[in-house]
file work_4.cif (mmCIF, C-alpha atoms)
data_target
#
loop_
_atom_site.group_PDB
_atom_site.id
_atom_site.type_symbol
_atom_site.label_atom_id
_atom_site.label_comp_id
_atom_site.auth_asym_id
_atom_site.auth_seq_id
_atom_site.Cartn_x
_atom_site.Cartn_y
_atom_site.Cartn_z
ATOM 1 C CA MET A 1 77.236 73.229 113.112
ATOM 2 C CA ILE A 2 79.354 75.534 110.959
ATOM 3 C CA THR A 3 78.492 75.224 107.267
ATOM 4 C CA LYS A 4 80.510 76.156 104.218
ATOM 5 C CA ASP A 5 78.070 79.020 103.562
ATOM 6 C CA PHE A 6 78.922 80.455 106.978
ATOM 7 C CA LEU A 7 82.670 80.414 106.348
ATOM 8 C CA TRP A 8 83.609 83.333 104.120
ATOM 9 C CA VAL A 9 86.707 81.575 102.788
ATOM 10 C CA GLU A 10 84.407 78.935 101.268
ATOM 11 C CA LYS A 11 81.436 81.147 100.460
ATOM 12 C CA TYR A 12 83.626 83.554 98.480
ATOM 13 C CA ARG A 13 86.193 81.105 97.121
ATOM 14 C CA PRO A 14 87.060 82.067 93.497
ATOM 15 C CA GLN A 15 85.179 79.969 90.967
ATOM 16 C CA THR A 16 87.257 80.840 87.895
ATOM 17 C CA ILE A 17 90.928 81.391 87.203
ATOM 18 C CA LYS A 18 90.168 85.012 86.319
ATOM 19 C CA ASP A 19 88.825 85.595 89.833
ATOM 20 C CA CYS A 20 91.950 84.248 91.561
ATOM 21 C CA ILE A 21 94.379 86.832 92.932
ATOM 22 C CA LEU A 22 97.690 85.611 91.589
ATOM 23 C CA PRO A 23 100.688 86.834 89.562
ATOM 24 C CA GLU A 24 99.878 87.000 85.846
ATOM 25 C CA ASN A 25 102.435 84.351 84.896
ATOM 26 C CA VAL A 26 100.769 81.838 87.243
ATOM 27 C CA LYS A 27 97.283 82.642 85.962
ATOM 28 C CA GLU A 28 98.455 82.364 82.360
ATOM 29 C CA THR A 29 99.833 78.877 83.053
ATOM 30 C CA PHE A 30 96.418 77.660 84.203
ATOM 31 C CA GLU A 31 94.501 79.539 81.519
ATOM 32 C CA ASP A 32 96.630 77.767 78.899
ATOM 33 C CA MET A 33 95.721 74.406 80.451
ATOM 34 C CA VAL A 34 92.018 75.241 80.322
ATOM 35 C CA ARG A 35 92.294 76.493 76.740
ATOM 36 C CA VAL A 36 94.036 73.303 75.612
ATOM 37 C CA GLY A 37 91.459 71.281 77.534
ATOM 38 C CA GLU A 38 94.009 68.880 78.996
ATOM 39 C CA ALA A 39 94.944 69.024 82.665
ATOM 40 C CA GLN A 40 98.366 67.846 83.792
ATOM 41 C CA ASN A 41 99.592 66.257 86.980
ATOM 42 C CA LEU A 42 100.554 69.292 89.046
ATOM 43 C CA LEU A 43 102.662 70.114 92.081
ATOM 44 C CA LEU A 44 101.597 73.505 93.428
ATOM 45 C CA SER A 45 103.888 75.012 96.046
ATOM 46 C CA GLY A 46 103.729 78.219 98.035
ATOM 47 C CA GLY A 47 102.890 79.753 101.392
ATOM 48 C CA ALA A 48 99.705 79.110 103.334
ATOM 49 C CA GLY A 49 96.530 80.704 101.992
ATOM 50 C CA CYS A 50 98.029 81.970 98.728
ATOM 51 C CA GLY A 51 95.418 80.362 96.450
ATOM 52 C CA LYS A 52 96.823 76.947 95.535
ATOM 53 C CA THR A 53 93.666 74.975 96.292
ATOM 54 C CA SER A 54 91.358 77.645 94.875
ATOM 55 C CA ILE A 55 93.034 77.703 91.491
ATOM 56 C CA ALA A 56 93.272 73.907 91.443
ATOM 57 C CA ARG A 57 89.493 73.718 91.800
ATOM 58 C CA ALA A 58 88.966 76.529 89.279
ATOM 59 C CA SER A 59 90.986 74.512 86.693
ATOM 60 C CA LEU A 60 88.729 71.447 86.733
ATOM 61 C CA SER A 61 87.182 71.926 83.313
ATOM 62 C CA ASN A 62 87.862 68.773 81.319
ATOM 63 C CA ALA A 63 86.326 65.318 81.288
ATOM 64 C CA LYS A 64 89.068 63.554 83.240
ATOM 65 C CA LYS A 65 88.759 62.973 86.952
ATOM 66 C CA VAL A 66 91.072 65.084 89.088
ATOM 67 C CA VAL A 67 92.281 64.136 92.568
ATOM 68 C CA ILE A 68 93.434 67.080 94.711
ATOM 69 C CA LEU A 69 95.759 66.144 97.573
ATOM 70 C CA ASP A 70 96.102 69.192 99.817
ATOM 71 C CA GLU A 71 99.154 69.815 102.011
ATOM 72 C CA PHE A 72 100.833 66.724 100.633
ATOM 73 C CA ASP A 73 104.179 67.772 102.117
ATOM 74 C CA TYR A 74 102.812 66.459 105.423
ATOM 75 C CA SER A 75 102.324 62.955 104.009
ATOM 76 C CA ASN A 76 104.809 60.208 104.820
ATOM 77 C CA ALA A 77 107.823 60.429 102.501
ATOM 78 C CA GLN A 78 108.719 56.778 103.128
ATOM 79 C CA SER A 79 105.334 55.192 102.406
ATOM 80 C CA THR A 80 102.508 57.421 101.150
ATOM 81 C CA GLN A 81 104.530 59.497 98.687
ATOM 82 C CA PRO A 82 106.311 56.548 97.029
ATOM 83 C CA ALA A 83 102.962 54.744 96.709
ATOM 84 C CA LEU A 84 101.492 57.666 94.800
ATOM 85 C CA ARG A 85 104.043 57.196 92.021
ATOM 86 C CA GLY A 86 102.317 53.976 90.976
ATOM 87 C CA PHE A 87 98.833 55.517 91.132
ATOM 88 C CA ILE A 88 99.848 58.405 88.875
ATOM 89 C CA GLU A 89 101.097 55.991 86.209
ATOM 90 C CA GLU A 90 98.334 53.401 86.595
ATOM 91 C CA PHE A 91 95.472 55.872 86.218
ATOM 92 C CA SER A 92 97.119 58.190 83.696
ATOM 93 C CA LYS A 93 94.485 57.504 81.011
ATOM 94 C CA ASN A 94 91.510 58.855 82.926
ATOM 95 C CA CYS A 95 92.744 60.689 86.022
ATOM 96 C CA ARG A 96 95.010 63.568 86.975
ATOM 97 C CA PHE A 97 96.557 64.396 90.348
ATOM 98 C CA ILE A 98 97.093 67.871 91.797
ATOM 99 C CA LEU A 99 99.333 68.051 94.850
ATOM 100 C CA THR A 100 99.549 71.200 96.943
ATOM 101 C CA CYS A 101 102.288 71.899 99.462
ATOM 102 C CA ASN A 102 103.866 74.677 101.485
ATOM 103 C CA PHE A 103 107.364 73.166 101.338
ATOM 104 C CA LYS A 104 108.176 71.481 98.045
ATOM 105 C CA ASN A 105 111.511 70.203 99.363
ATOM 106 C CA ARG A 106 109.478 67.770 101.472
ATOM 107 C CA ILE A 107 108.052 66.135 98.347
ATOM 108 C CA ILE A 108 110.185 63.260 97.034
ATOM 109 C CA GLN A 109 111.973 63.790 93.736
ATOM 110 C CA PRO A 110 110.111 61.035 91.798
ATOM 111 C CA LEU A 111 106.869 62.997 92.327
ATOM 112 C CA HIS A 112 108.529 66.232 91.197
ATOM 113 C CA SER A 113 109.485 64.521 87.953
ATOM 114 C CA ARG A 114 105.948 63.179 87.391
ATOM 115 C CA CYS A 115 104.259 66.556 87.902
ATOM 116 C CA THR A 116 104.402 70.001 86.399
ATOM 117 C CA ASN A 117 105.771 72.231 89.138
ATOM 118 C CA VAL A 118 104.103 75.626 89.659
ATOM 119 C CA ASP A 119 105.587 77.934 92.287
ATOM 120 C CA PHE A 120 103.153 80.473 93.791
ATOM 121 C CA LYS A 121 105.964 82.722 94.944
ATOM 122 C CA ILE A 122 105.048 86.404 94.786
ATOM 123 C CA VAL A 123 107.956 88.617 93.786
ATOM 124 C CA LYS A 124 108.330 92.065 95.311
ATOM 125 C CA SER A 125 107.267 93.872 92.137
ATOM 126 C CA ASP A 126 103.918 92.013 92.084
ATOM 127 C CA ARG A 127 102.984 92.681 95.705
ATOM 128 C CA PRO A 128 101.441 96.197 95.372
ATOM 129 C CA LYS A 129 99.216 95.187 92.456
ATOM 130 C CA LEU A 130 98.005 91.991 94.135
ATOM 131 C CA ALA A 131 97.434 93.791 97.436
ATOM 132 C CA MET A 132 95.193 96.288 95.632
ATOM 133 C CA GLN A 133 93.274 93.454 93.968
ATOM 134 C CA LEU A 134 92.821 91.843 97.363
ATOM 135 C CA MET A 135 91.596 95.140 98.814
ATOM 136 C CA GLU A 136 88.895 95.366 96.140
ATOM 137 C CA SER A 137 87.955 91.733 96.718
ATOM 138 C CA VAL A 138 87.539 92.041 100.498
ATOM 139 C CA LYS A 139 85.558 95.284 100.093
ATOM 140 C CA LYS A 140 83.083 93.394 97.899
ATOM 141 C CA ILE A 141 82.833 90.659 100.550
ATOM 142 C CA LEU A 142 82.183 93.163 103.337
ATOM 143 C CA ASP A 143 79.647 95.045 101.223
ATOM 144 C CA ALA A 144 77.839 91.789 100.465
ATOM 145 C CA GLU A 145 77.788 90.901 104.171
ATOM 146 C CA GLY A 146 76.564 94.359 105.200
ATOM 147 C CA VAL A 147 79.663 95.145 107.264
ATOM 148 C CA VAL A 148 80.718 98.776 107.722
ATOM 149 C CA TYR A 149 84.481 99.264 107.364
ATOM 150 C CA GLU A 150 87.278 101.797 107.166
ATOM 151 C CA GLU A 151 89.706 101.303 104.290
ATOM 152 C CA LYS A 152 92.633 102.308 106.502
ATOM 153 C CA VAL A 153 91.931 99.343 108.765
ATOM 154 C CA LEU A 154 91.588 96.957 105.832
ATOM 155 C CA ALA A 155 94.942 98.173 104.511
ATOM 156 C CA GLU A 156 96.581 97.513 107.901
ATOM 157 C CA LEU A 157 95.206 93.990 108.060
ATOM 158 C CA ILE A 158 96.182 93.163 104.484
ATOM 159 C CA SER A 159 99.672 94.554 105.073
ATOM 160 C CA LYS A 160 100.126 92.349 108.129
ATOM 161 C CA TYR A 161 98.987 89.002 106.688
ATOM 162 C CA PHE A 162 99.656 89.367 102.925
ATOM 163 C CA PRO A 163 99.917 87.083 100.951
ATOM 164 C CA ASP A 164 97.958 84.705 103.202
ATOM 165 C CA PHE A 165 94.595 85.496 101.608
ATOM 166 C CA ARG A 166 92.783 82.850 103.648
ATOM 167 C CA ARG A 167 94.033 84.311 106.942
ATOM 168 C CA ILE A 168 93.000 87.812 105.873
ATOM 169 C CA ILE A 169 89.443 86.734 105.075
ATOM 170 C CA ASN A 170 89.180 84.696 108.278
ATOM 171 C CA GLU A 171 90.397 87.662 110.337
ATOM 172 C CA LEU A 172 87.883 89.950 108.620
ATOM 173 C CA GLN A 173 85.071 87.567 109.461
ATOM 174 C CA ARG A 174 86.239 87.404 113.069
ATOM 175 C CA TYR A 175 86.405 91.175 113.475
ATOM 176 C CA SER A 176 83.111 91.737 111.636
ATOM 177 C CA VAL A 177 80.970 90.126 114.328
ATOM 178 C CA SER A 178 80.041 93.561 115.690
ATOM 179 C CA GLY A 179 79.038 94.693 112.201
ATOM 180 C CA THR A 180 81.834 97.264 111.998
ATOM 181 C CA ILE A 181 85.533 97.098 111.175
ATOM 182 C CA ASP A 182 87.116 100.350 112.348
ATOM 183 C CA VAL A 183 90.182 101.765 114.104
ATOM 184 C CA GLY A 184 89.136 100.041 117.316
ATOM 185 C CA ILE A 185 90.750 96.810 116.116
ATOM 186 C CA LEU A 186 94.077 98.338 115.079
ATOM 187 C CA ALA A 187 95.608 97.437 118.431
ATOM 188 C CA ASN A 188 94.854 93.791 117.688
ATOM 189 C CA ILE A 189 96.332 93.753 114.199
ATOM 190 C CA GLY A 190 99.361 95.964 114.801
ATOM 191 C CA ASP A 191 102.786 94.900 113.575
ATOM 192 C CA VAL A 192 104.892 92.516 115.634
ATOM 193 C CA GLN A 193 107.204 94.449 117.952
ATOM 194 C CA ILE A 194 110.299 92.586 119.153
ATOM 195 C CA LYS A 195 112.140 95.278 121.130
ATOM 196 C CA ASP A 196 110.545 94.295 124.452
ATOM 197 C CA MET A 197 111.270 90.643 123.792
ATOM 198 C CA ILE A 198 114.923 91.399 122.952
ATOM 199 C CA SER A 199 115.202 93.387 126.190
ATOM 200 C CA PHE A 200 113.836 90.446 128.181
ATOM 201 C CA MET A 201 116.281 88.034 126.527
ATOM 202 C CA LYS A 202 119.206 90.376 127.134
ATOM 203 C CA LYS A 203 118.332 90.503 130.857
ATOM 204 C CA LYS A 204 117.772 86.693 130.912
ATOM 205 C CA GLU A 205 114.187 87.234 132.099
ATOM 206 C CA PHE A 206 112.684 83.922 131.021
ATOM 207 C CA THR A 207 109.292 84.566 132.655
ATOM 208 C CA ASN A 208 108.837 87.778 130.676
ATOM 209 C CA VAL A 209 110.025 86.089 127.480
ATOM 210 C CA ARG A 210 107.402 83.384 127.936
ATOM 211 C CA LYS A 211 104.720 85.989 128.660
ATOM 212 C CA TRP A 212 105.713 87.862 125.478
ATOM 213 C CA VAL A 213 105.257 84.641 123.503
ATOM 214 C CA ILE A 214 101.800 84.089 125.006
ATOM 215 C CA ASP A 215 100.779 87.649 124.138
ATOM 216 C CA SER A 216 102.185 87.382 120.589
ATOM 217 C CA ILE A 217 101.336 83.828 119.575
ATOM 218 C CA ASP A 218 98.343 84.962 117.522
ATOM 219 C CA ASN A 219 100.879 86.227 114.973
ATOM 220 C CA ASP A 220 102.314 84.006 112.274
ATOM 221 C CA PRO A 221 105.499 82.416 113.725
ATOM 222 C CA ALA A 222 107.222 82.936 110.375
ATOM 223 C CA VAL A 223 106.692 86.703 110.769
ATOM 224 C CA ILE A 224 108.257 86.640 114.239
ATOM 225 C CA PHE A 225 111.277 84.648 113.050
ATOM 226 C CA ARG A 226 111.733 87.095 110.177
ATOM 227 C CA LYS A 227 111.490 90.123 112.489
ATOM 228 C CA ILE A 228 114.221 88.697 114.712
ATOM 229 C CA TYR A 229 116.358 87.900 111.669
ATOM 230 C CA ASP A 230 115.960 91.422 110.282
ATOM 231 C CA GLY A 231 117.039 92.855 113.640
ATOM 232 C CA LEU A 232 120.138 90.713 114.171
ATOM 233 C CA TYR A 233 122.685 93.448 113.467
ATOM 234 C CA GLU A 234 120.764 95.919 115.607
ATOM 235 C CA HIS A 235 120.370 93.763 118.699
ATOM 236 C CA PHE A 236 122.965 90.951 118.652
ATOM 237 C CA ALA A 237 126.717 91.053 119.143
ATOM 238 C CA PRO A 238 128.508 90.446 115.785
ATOM 239 C CA GLN A 239 130.133 87.206 116.952
ATOM 240 C CA SER A 240 126.712 85.782 117.894
ATOM 241 C CA ILE A 241 124.930 86.493 114.612
ATOM 242 C CA PRO A 242 125.969 83.250 112.824
ATOM 243 C CA GLN A 243 124.755 81.200 115.799
ATOM 244 C CA ALA A 244 121.493 83.148 115.897
ATOM 245 C CA VAL A 245 120.900 82.492 112.191
ATOM 246 C CA MET A 246 121.355 78.741 112.720
ATOM 247 C CA VAL A 247 118.946 78.743 115.684
ATOM 248 C CA LEU A 248 116.292 80.694 113.750
ATOM 249 C CA ALA A 249 116.586 78.423 110.719
ATOM 250 C CA ASP A 250 116.230 75.320 112.899
ATOM 251 C CA TYR A 251 113.092 76.468 114.700
ATOM 252 C CA GLN A 252 111.515 77.968 111.594
ATOM 253 C CA TYR A 253 111.802 74.561 109.943
ATOM 254 C CA LYS A 254 110.306 72.860 113.011
ATOM 255 C CA SER A 255 107.384 75.305 113.060
ATOM 256 C CA ALA A 256 106.072 73.718 109.849
ATOM 257 C CA PHE A 257 104.994 70.562 111.675
ATOM 258 C CA VAL A 258 105.141 71.014 115.470
ATOM 259 C CA ALA A 259 101.982 70.355 117.482
ATOM 260 C CA ASP A 260 102.337 73.465 119.667
ATOM 261 C CA GLN A 261 103.687 76.698 118.169
ATOM 262 C CA GLU A 262 103.912 78.373 121.584
ATOM 263 C CA ILE A 263 106.327 75.754 122.905
ATOM 264 C CA ASN A 264 108.403 75.864 119.715
ATOM 265 C CA LEU A 265 108.727 79.660 119.743
ATOM 266 C CA THR A 266 109.499 79.728 123.467
ATOM 267 C CA ALA A 267 112.224 77.109 122.926
ATOM 268 C CA CYS A 268 113.710 79.182 120.103
ATOM 269 C CA LEU A 269 113.846 82.377 122.172
ATOM 270 C CA THR A 270 115.256 80.476 125.146
ATOM 271 C CA GLU A 271 118.090 79.063 123.041
ATOM 272 C CA LEU A 272 118.851 82.510 121.617
ATOM 273 C CA MET A 273 118.812 83.939 125.152
ATOM 274 C CA LEU A 274 121.236 81.326 126.466
ATOM 275 C CA GLU A 275 123.569 80.917 123.492
ATOM 276 C CA CYS A 276 123.904 84.456 122.091
ATOM 277 C CA GLU A 277 125.346 87.750 123.277
ATOM 278 C CA PHE A 278 123.414 90.976 122.893
ATOM 279 C CA LYS A 279 124.508 94.545 122.319
#
call {"tool": "encode", "arguments": {"input": "work_4.cif", "output": "structure tokens"}}
result
Amino acid sequence: MITKDFLWVEKYRPQTIKDCILPENVKETFEDMVRVGEAQNLLLSGGAGCGKTSIARASLSNAKKVVILDEFDYSNAQSTQPALRGFIEEFSKNCRFILTCNFKNRIIQPLHSRCTNVDFKIVKSDRPKLAMQLMESVKKILDAEGVVYEEKVLAELISKYFPDFRRIINELQRYSVSGTIDVGILANIGDVQIKDMISFMKKKEFTNVRKWVIDSIDNDPAVIFRKIYDGLYEHFAPQSIPQAVMVLADYQYKSAFVADQEINLTACLTELMLECEFK
């Protein structure tokens, strides 16, 4: 049985707002709430693993009860979400609700209006500072766990998965089983390379496309979609770029709730292969 103490993401979850790795404006919002001593109904939105649940728990400092509903964008928008409207109003005297979501557009508007919206988006100018804070944090975790590491490798891993802090810590725990995190794992955490996949699609080699997906599925699908998008002008014929954008947008949206990411990504690449022209 795996316990919370075994899982690093739980064992080392920040206990105070100060310990959370977040942009200053977000931290200040929650520090003001704690200082006033009155929590609000909150809608916290942002990418996976960016600290929404951690800071929600770190804000529980007043006498009122607080209900945290994680990943509420996956709740039914026709039944569950409308029902929550009544609960928020009925229990307003002694209870607060904190909703977390990856996609706030999937939360109905009446809940937006009943909650204070906090976006955990990390702007480009904040990324270097937060990445350094994360580096210091994971070094403390590895030191506490007695794991030998090379900072170069930590930097590579953080660069690949940032700002998914949860994924970074989980990957560190996975690679630390041998007691050492060194250059030997760089092949496993290297950046996503799409040139081979583009070559397979151009030649209409479906079997090789599917094999590429199998070999690459450990990566975040959102990263793969973004890599293809960034390479549109390099690899696709100009007249096919609008169609490719529409295909990528469609499958990126579907990836938020599909049961099998491998099938979804394979379907996306197959449609691009069949519908688009390549340079």
call {"tool": "resolve_selection", "arguments": {"input": "work_4.cif", "expression": "the PyMOL selection byres ((chain A and resi 56) around 12)", "output": "number ranges by chain"}}
result
A: 13-17, 20, 26-27, 29-31, 33-34, 39-45, 50-55, 57-61, 66-70, 96-100, 118
call {"tool": "closest_residue", "arguments": {"input": "work_4.cif", "among": "A:Ile168, A:Ile181, A:Met246, A:Ile228", "to": "Asp196 in chain A", "atoms": "all atoms listed in the file"}}
result
A:Ile228
call {"tool": "closest_residue", "arguments": {"input": "work_4.cif", "among": "A:Cys101, A:Ala77, A:Val209, A:Met201", "to": "Gly46 in chain A", "atoms": "all atoms listed in the file"}}
result
A:Cys101
call {"tool": "resolve_selection", "arguments": {"input": "work_4.cif", "expression": "the PyMOL selection byres ((chain A and resi 274) around 12)", "output": "ChimeraX atom specification"}}
result
/A:200-206,240,243-244,247,267-273,275-278
call {"tool": "residues_around", "arguments": {"input": "work_4.cif", "residues": "Val147 in chain A", "least_positions_apart": "2", "cutoff": "12 Å", "atoms": "all atoms listed in the file", "output": "list in words"}}
result
Val138, Lys139, Lys140, Ile141, Leu142, Asp143, Ala144, Glu145, Tyr149, Glu150, Leu172, Gln173, Arg174, Tyr175, Ser176, Val177, Ser178, Gly179, Thr180, Ile181 and Asp182 of chain A
call {"tool": "write_last_selection", "arguments": {"input": "work_4.cif", "atoms": "C-alpha atoms", "output": "PDB file, keeping the file's coordinate frame"}}
result
ATOM      1  CA  VAL A 138      87.539  92.041 100.498  1.00  0.00           C
ATOM      2  CA  LYS A 139      85.558  95.284 100.093  1.00  0.00           C
ATOM      3  CA  LYS A 140      83.083  93.394  97.899  1.00  0.00           C
ATOM      4  CA  ILE A 141      82.833  90.659 100.550  1.00  0.00           C
ATOM      5  CA  LEU A 142      82.183  93.163 103.337  1.00  0.00           C
ATOM      6  CA  ASP A 143      79.647  95.045 101.223  1.00  0.00           C
ATOM      7  CA  ALA A 144      77.839  91.789 100.465  1.00  0.00           C
ATOM      8  CA  GLU A 145      77.788  90.901 104.171  1.00  0.00           C
ATOM      9  CA  TYR A 149      84.481  99.264 107.364  1.00  0.00           C
ATOM     10  CA  GLU A 150      87.278 101.797 107.166  1.00  0.00           C
ATOM     11  CA  LEU A 172      87.883  89.950 108.620  1.00  0.00           C
ATOM     12  CA  GLN A 173      85.071  87.567 109.461  1.00  0.00           C
ATOM     13  CA  ARG A 174      86.239  87.404 113.069  1.00  0.00           C
ATOM     14  CA  TYR A 175      86.405  91.175 113.475  1.00  0.00           C
ATOM     15  CA  SER A 176      83.111  91.737 111.636  1.00  0.00           C
ATOM     16  CA  VAL A 177      80.970  90.126 114.328  1.00  0.00           C
ATOM     17  CA  SER A 178      80.041  93.561 115.690  1.00  0.00           C
ATOM     18  CA  GLY A 179      79.038  94.693 112.201  1.00  0.00           C
ATOM     19  CA  THR A 180      81.834  97.264 111.998  1.00  0.00           C
ATOM     20  CA  ILE A 181      85.533  97.098 111.175  1.00  0.00           C
ATOM     21  CA  ASP A 182      87.116 100.350 112.348  1.00  0.00           C
TER      22      ASP A 182
END
call {"tool": "resolve_selection", "arguments": {"input": "work_4.cif", "expression": "the PyMOL selection byres ((chain A and resi 227) around 12)", "output": "number ranges by chain"}}
result
A: 191-195, 197-198, 219-226, 228-235, 248
call {"tool": "closest_atom_pairs", "arguments": {"input": "work_4.cif", "of": "range 110-189 of chain A", "to": "range 9-12 of chain A", "cutoff": "8 Å", "atoms": "all atoms listed in the file", "output": "tab-separated table"}}
result
residue	atom	partner	partner_atom	distance
A:Ile141	CA	A:Tyr12	CA	7.4
A:Arg166	CA	A:Val9	CA	6.3
A:Ile169	CA	A:Val9	CA	6.3
A:Asn170	CA	A:Val9	CA	6.8
call {"tool": "residues_around", "arguments": {"input": "work_4.cif", "residues": "Gln261 in chain A", "least_positions_apart": "5", "cutoff": "9 Å", "atoms": "only C-alpha atoms", "output": "list in words"}}
result
Ile217, Pro221, Ser255 and Thr266 of chain A
call {"tool": "atom_distance", "arguments": {"input": "work_4.cif", "atom1": "CA of Leu7 in chain A", "atom2": "CA of Asp126 in chain A"}}
result
28.1 Å
call {"tool": "axis_aligned_box", "arguments": {"input": "work_4.cif", "around": "range 226-230 of chain A", "padding_each_side": "5 Å", "output": "JSON"}}
result
{"center_x": 113.9, "center_y": 89.3, "center_z": 112.4, "size_x": 14.9, "size_y": 14.3, "size_z": 14.5}
call {"tool": "atom_distance", "arguments": {"input": "work_4.cif", "atom1": "CA of Cys115 in chain A", "atom2": "CA of Phe162 in chain A"}}
result
27.7 Å
call {"tool": "atom_distance", "arguments": {"input": "work_4.cif", "atom1": "CA of Asp215 in chain A", "atom2": "CA of Phe257 in chain A"}}
result
21.6 Å
call {"tool": "residues_around", "arguments": {"input": "work_4.cif", "residues": "range 103-113 of chain A", "least_positions_apart": "5", "cutoff": "10 Å", "atoms": "only C-alpha atoms", "output": "PyMOL selection string"}}
result
chain A and resi 41-48+71-78+81-82+84-85+88+119+253+256
call {"tool": "build_atoms", "arguments": {"input": "work_4.cif", "residues": "range 156-173 of chain A", "atoms": "N, CA and C atoms", "output": "PDB file, keeping the file's coordinate frame"}}
result
ATOM      1  N   GLU A 156      95.710  97.983 106.826  1.00  0.00           N
ATOM      2  CA  GLU A 156      96.581  97.513 107.901  1.00  0.00           C
ATOM      3  C   GLU A 156      96.546  95.996 107.994  1.00  0.00           C
ATOM      4  N   LEU A 157      95.345  95.438 107.934  1.00  0.00           N
ATOM      5  CA  LEU A 157      95.206  93.990 108.060  1.00  0.00           C
ATOM      6  C   LEU A 157      95.829  93.264 106.879  1.00  0.00           C
ATOM      7  N   ILE A 158      95.598  93.774 105.679  1.00  0.00           N
ATOM      8  CA  ILE A 158      96.182  93.163 104.484  1.00  0.00           C
ATOM      9  C   ILE A 158      97.699  93.240 104.536  1.00  0.00           C
ATOM     10  N   SER A 159      98.221  94.381 104.976  1.00  0.00           N
ATOM     11  CA  SER A 159      99.672  94.554 105.073  1.00  0.00           C
ATOM     12  C   SER A 159     100.288  93.551 106.039  1.00  0.00           C
ATOM     13  N   LYS A 160      99.577  93.250 107.125  1.00  0.00           N
ATOM     14  CA  LYS A 160     100.126  92.349 108.129  1.00  0.00           C
ATOM     15  C   LYS A 160     100.170  90.903 107.657  1.00  0.00           C
ATOM     16  N   TYR A 161      99.092  90.433 106.998  1.00  0.00           N
ATOM     17  CA  TYR A 161      98.987  89.002 106.688  1.00  0.00           C
ATOM     18  C   TYR A 161      99.268  88.655 105.227  1.00  0.00           C
ATOM     19  N   PHE A 162      99.386  89.637 104.351  1.00  0.00           N
ATOM     20  CA  PHE A 162      99.656  89.367 102.925  1.00  0.00           C
ATOM     21  C   PHE A 162     100.932  88.533 102.783  1.00  0.00           C
ATOM     22  N   PRO A 163     100.955  87.482 101.906  1.00  0.00           N
ATOM     23  CA  PRO A 163      99.917  87.083 100.951  1.00  0.00           C
ATOM     24  C   PRO A 163      99.050  85.910 101.403  1.00  0.00           C
ATOM     25  N   ASP A 164      98.829  85.769 102.713  1.00  0.00           N
ATOM     26  CA  ASP A 164      97.958  84.705 103.202  1.00  0.00           C
ATOM     27  C   ASP A 164      96.512  85.182 103.081  1.00  0.00           C
ATOM     28  N   PHE A 165      95.941  85.011 101.882  1.00  0.00           N
ATOM     29  CA  PHE A 165      94.595  85.496 101.608  1.00  0.00           C
ATOM     30  C   PHE A 165      93.571  84.844 102.534  1.00  0.00           C
ATOM     31  N   ARG A 166      93.734  83.552 102.786  1.00  0.00           N
ATOM     32  CA  ARG A 166      92.783  82.850 103.648  1.00  0.00           C
ATOM     33  C   ARG A 166      92.771  83.446 105.059  1.00  0.00           C
ATOM     34  N   ARG A 167      93.953  83.727 105.596  1.00  0.00           N
ATOM     35  CA  ARG A 167      94.033  84.311 106.942  1.00  0.00           C
ATOM     36  C   ARG A 167      93.378  85.690 106.966  1.00  0.00           C
ATOM     37  N   ILE A 168      93.587  86.471 105.928  1.00  0.00           N
ATOM     38  CA  ILE A 168      93.000  87.812 105.873  1.00  0.00           C
ATOM     39  C   ILE A 168      91.478  87.736 105.910  1.00  0.00           C
ATOM     40  N   ILE A 169      90.903  86.850 105.109  1.00  0.00           N
ATOM     41  CA  ILE A 169      89.443  86.734 105.075  1.00  0.00           C
ATOM     42  C   ILE A 169      88.914  86.188 106.395  1.00  0.00           C
ATOM     43  N   ASN A 170      89.606  85.223 106.982  1.00  0.00           N
ATOM     44  CA  ASN A 170      89.180  84.696 108.278  1.00  0.00           C
ATOM     45  C   ASN A 170      89.223  85.766 109.360  1.00  0.00           C
ATOM     46  N   GLU A 171      90.293  86.590 109.345  1.00  0.00           N
ATOM     47  CA  GLU A 171      90.397  87.662 110.337  1.00  0.00           C
ATOM     48  C   GLU A 171      89.285  88.691 110.136  1.00  0.00           C
ATOM     49  N   LEU A 172      88.971  89.010 108.898  1.00  0.00           N
ATOM     50  CA  LEU A 172      87.883  89.950 108.620  1.00  0.00           C
ATOM     51  C   LEU A 172      86.560  89.419 109.158  1.00  0.00           C
ATOM     52  N   GLN A 173      86.318  88.141 108.956  1.00  0.00           N
ATOM     53  CA  GLN A 173      85.071  87.567 109.461  1.00  0.00           C
ATOM     54  C   GLN A 173      85.035  87.619 110.992  1.00  0.00           C
TER      55      GLN A 173
END
